[in-house]
Amino acid sequence: MDKLEKLKLLGESAKFDVCASSSATPKRFQNAEIGRTAPSGVCHSFTPDGRCVSLFKVLLSNHCEKDCLYCPNRAARDVPRSSFAPEELASLFMEFYRRNYVEGLFLSSGVRYSTGRTMQDLLETLEILRTHHRFGGYIHLKILPGAGEAEIEKAVELSNRVSLNMEAPTAFHLARLSRSKNFATEIMGGLSRIHRHVKTQSGVSHSTQYIVGAAQESDREILDSAARLYSSYGLKRAYFSTFQPVPGTPLEKVAAAPLLREHRLYQADFLYRFYGFRMDEIPLDPAGNLELTVDPKQAYALKHPERFPLEINRATREELLRIPGIGPRSAKKILLLRRESLFQSADELSRIGVVTKRAFPYLLVHGRQPVSPREVSSRLTHKPLQGSLWGDGI
Ligand code: SF4
């Protein structure tokens, strides 16, 4: 297999790993291959200083000795296989980097021969990049479950971000997805070792990923697991990836999870990380799942009519962040501006970024509700409303 064929295969095989909040949109120009990086997998990610970088996302090998039930690269699946040698992948990445195709690397691999040997190959690739090519840019390395202490230490030393996939929130759920991954020793033990080493290096963070909807887990189980990792394992970020059945795997007949479920999990995760919601405040249905028809912050407000409307001139930061349509940035501005003078009219709120359409039924400005009582009651009836994930003011 030549380099380009390998690249297509191993870039395509890496697409199930999430490292980005948005994916590159593939563009097609006839007979124009120079600069066309989409087939090999280019995604975008944010570095700790807030820059958005394009990452070359690739597997070192799609050979795998394991048989995870959902995975397109599982040993028993009959698919074309290939591997890069560490120096080959390092030079290819540098070629792309020098041509400005990519700014950083996201590297993962199937387990070729053994976990130890594959980790050695991954680390050798990074070592070549850092020492021989003197590459000082962004590298995200996926650590394999079962990696040893010394391998994790080295991975943290050479990377800007490392991650180890949870895949499922509990041992019980993981057993439904994989017979070869040990939840206690390989996943939780690995995350604990990563945390220990990440703490000693500045500028390095770690993340994880859950497959959503393949193991009959509830949203509560996923969110509780992520909260535990944030508080006890120093996790920077949890990613949620909707399960999509892959033909030729034992889970091929399991229905795909709705994409909206992934979106709701991200919204709930944002409420926990940036809006100061406790996990037990996030509204769930009796089965422990987020509602799909309404975003979690709106669902919270609808569930607690006794807490609204809130006077914008008196509400605390914590209260402001519970009003739909007000996010951390607009809450900060409200608190700052209030020190100078009190808000007199609703117009002043739209000028500072409050999503007024969502917020008005839940607040008072100088004692007055900005929308009519009829409008308030129609909003407070359970209407499907979509909140933007990325803007300020879920
Ligand atoms: S270890 Fe499991 S999830 Fe990872 S590549 Fe192998 S089969 Fe797939």
# chains A, B, ... in the order shown; residues from 1 in each chain; ligands from 1
call {"tool": "residues_near_ligand", "arguments": {"ligand": "ligand 1", "cutoff": "9 Å", "atoms": "only C-alpha atoms and all ligand atoms", "output": "list in words"}}
result
Ser61, Asn62, His63, Cys64, Glu65, Lys66, Asp67, Cys68, Leu69, Tyr70, Cys71, Pro72, Asn73, Arg74, Ala75, Ala76, Ser108, Ser109, Gly110, Val111, Arg112, Thr115, Leu144, Pro145, Asn165, Glu167, Ser178, Ser180 and Lys181 of chain A
call {"tool": "closest_atom_pairs", "arguments": {"of": "region 119-147 of chain A", "to": "region 183-198 of chain A", "cutoff": "12 Å", "atoms": "only C-alpha atoms", "output": "tab-separated table"}}
result
residue	atom	partner	partner_atom	distance
A:Leu141	CA	A:Ile194	CA	11.9
A:Lys142	CA	A:Ile194	CA	11.4
A:Ile143	CA	A:Gly190	CA	8.6
A:Leu144	CA	A:Glu186	CA	8.6
A:Pro145	CA	A:Glu186	CA	4.9
A:Gly146	CA	A:Glu186	CA	4.5
A:Ala147	CA	A:Gly190	CA	7.1
call {"tool": "closest_atom_pairs", "arguments": {"of": "region 270-343 of chain A", "to": "region 359-381 of chain A", "cutoff": "12 Å", "atoms": "only C-alpha atoms", "output": "CSV"}}
result
residue,atom,partner,partner_atom,distance
A:Val294,CA,A:Thr381,CA,11.5
A:Lys297,CA,A:Ala359,CA,11.1
A:Gln298,CA,A:Leu380,CA,9.4
A:Ala299,CA,A:Leu380,CA,10.0
A:Tyr300,CA,A:Leu380,CA,11.4
A:Ala301,CA,A:Tyr362,CA,8.0
A:Leu302,CA,A:Leu380,CA,6.2
A:Lys303,CA,A:Leu380,CA,9.6
A:His304,CA,A:Leu380,CA,10.4
A:Pro305,CA,A:Leu380,CA,8.3
A:Glu306,CA,A:Tyr362,CA,10.6
A:Arg307,CA,A:Tyr362,CA,8.9
A:Phe308,CA,A:Tyr362,CA,5.4
A:Pro309,CA,A:Tyr362,CA,4.3
A:Leu310,CA,A:Leu363,CA,4.6
A:Glu311,CA,A:Leu364,CA,4.6
A:Ile312,CA,A:Val365,CA,5.7
A:Asn313,CA,A:His366,CA,6.8
A:Arg314,CA,A:His366,CA,9.3
A:Ala315,CA,A:Leu363,CA,9.4
A:Glu319,CA,A:Leu363,CA,10.5
A:Leu320,CA,A:Leu363,CA,9.2
A:Leu321,CA,A:Ala359,CA,10.6
A:Arg322,CA,A:Tyr362,CA,9.5
A:Ile323,CA,A:Ala359,CA,6.1
A:Pro324,CA,A:Ala359,CA,5.2
A:Gly325,CA,A:Ala359,CA,4.8
A:Ile326,CA,A:Ala359,CA,6.8
A:Gly327,CA,A:Ala359,CA,10.4
A:Ser330,CA,A:Ala359,CA,11.5
A:Ala331,CA,A:Ala359,CA,11.9
A:Ile334,CA,A:Val365,CA,11.7
A:Arg338,CA,A:His366,CA,11.6
A:Ser341,CA,A:His366,CA,11.5
A:Leu342,CA,A:His366,CA,7.8
A:Phe343,CA,A:Val365,CA,6.5
call {"tool": "closest_residue", "arguments": {"among": "A:Gly148, A:Arg77, A:Phe135, A:Leu4", "to": "Arg98 (chain A)", "atoms": "only C-alpha atoms"}}
result
A:Phe135
call {"tool": "closest_residue", "arguments": {"among": "A:Pro250, A:Met94, A:Asn182, A:Phe270", "to": "Arg130 (chain A)", "atoms": "only C-alpha atoms"}}
result
A:Met94
call {"tool": "atom_distance", "arguments": {"atom1": "CA of Val53 (chain A)", "atom2": "CA of Gly104 (chain A)"}}
result
6.8 Å
call {"tool": "residues_around", "arguments": {"residues": "Arg220 (chain A)", "least_positions_apart": "2", "cutoff": "10 Å", "atoms": "only C-alpha atoms", "output": "PyMOL selection string"}}
result
chain A and resi 169+217-218+222-226+265+279-280+282-285+287-290
call {"tool": "residues_around", "arguments": {"residues": "Asn160 (chain A)", "least_positions_apart": "5", "cutoff": "8 Å", "atoms": "only C-alpha atoms", "output": "list in words"}}
result
Tyr138, Ile139, His140, Gly203, Val204 and Ser205 of chain A
call {"tool": "write_last_selection", "arguments": {"atoms": "N, CA and C atoms", "output": "PDB file, in the first residue's frame"}}
result
ATOM      1  N   TYR A 138       1.001  21.503  18.659  1.00  0.00           N
ATOM      2  CA  TYR A 138      -0.024  20.777  19.427  1.00  0.00           C
ATOM      3  C   TYR A 138      -0.091  19.295  19.044  1.00  0.00           C
ATOM      4  N   ILE A 139      -0.004  18.434  20.045  1.00  0.00           N
ATOM      5  CA  ILE A 139      -0.187  16.990  19.822  1.00  0.00           C
ATOM      6  C   ILE A 139      -1.173  16.451  20.859  1.00  0.00           C
ATOM      7  N   HIS A 140      -2.179  15.754  20.340  1.00  0.00           N
ATOM      8  CA  HIS A 140      -3.129  15.042  21.207  1.00  0.00           C
ATOM      9  C   HIS A 140      -2.904  13.547  20.979  1.00  0.00           C
ATOM     10  N   GLY A 203       0.550  22.952  31.182  1.00  0.00           N
ATOM     11  CA  GLY A 203       0.153  23.013  29.770  1.00  0.00           C
ATOM     12  C   GLY A 203      -0.309  21.692  29.189  1.00  0.00           C
ATOM     13  N   VAL A 204      -0.501  20.673  30.013  1.00  0.00           N
ATOM     14  CA  VAL A 204      -1.021  19.398  29.497  1.00  0.00           C
ATOM     15  C   VAL A 204      -2.373  19.128  30.152  1.00  0.00           C
ATOM     16  N   SER A 205      -3.312  18.646  29.361  1.00  0.00           N
ATOM     17  CA  SER A 205      -4.622  18.334  29.923  1.00  0.00           C
ATOM     18  C   SER A 205      -5.050  16.969  29.420  1.00  0.00           C
TER      19      SER A 205
END
call {"tool": "atom_distance", "arguments": {"atom1": "CA of Glu252 (chain A)", "atom2": "CA of Leu177 (chain A)"}}
result
12.0 Å
call {"tool": "closest_residue", "arguments": {"among": "A:Ser232, A:Ala171, A:Leu89, A:Ala227", "to": "Leu271 (chain A)", "atoms": "only C-alpha atoms"}}
result
A:Ala227
call {"tool": "closest_residue", "arguments": {"among": "A:Ser13, A:Ser83, A:Gln344, A:Thr249", "to": "Val58 (chain A)", "atoms": "only C-alpha atoms"}}
result
A:Ser13
call {"tool": "select_by_dssp", "arguments": {"residues": "region 68-296 of chain A", "states": "alpha helix (DSSP H)", "output": "ChimeraX atom specification"}}
result
/A:86-98,115-127,149-158,171-177,189-200,219-232,259-274,296
call {"tool": "select_by_dssp", "arguments": {"residues": "region 35-217 of chain A", "states": "strand (DSSP E)", "output": "PyMOL selection string"}}
result
chain A and resi 42-46+52-59+104-108+138-142+161-163+205-212
call {"tool": "closest_residue", "arguments": {"among": "A:Phe172, A:Phe96, A:Phe277, A:Phe16", "to": "Tyr210 (chain A)", "atoms": "only C-alpha atoms"}}
result
A:Phe16
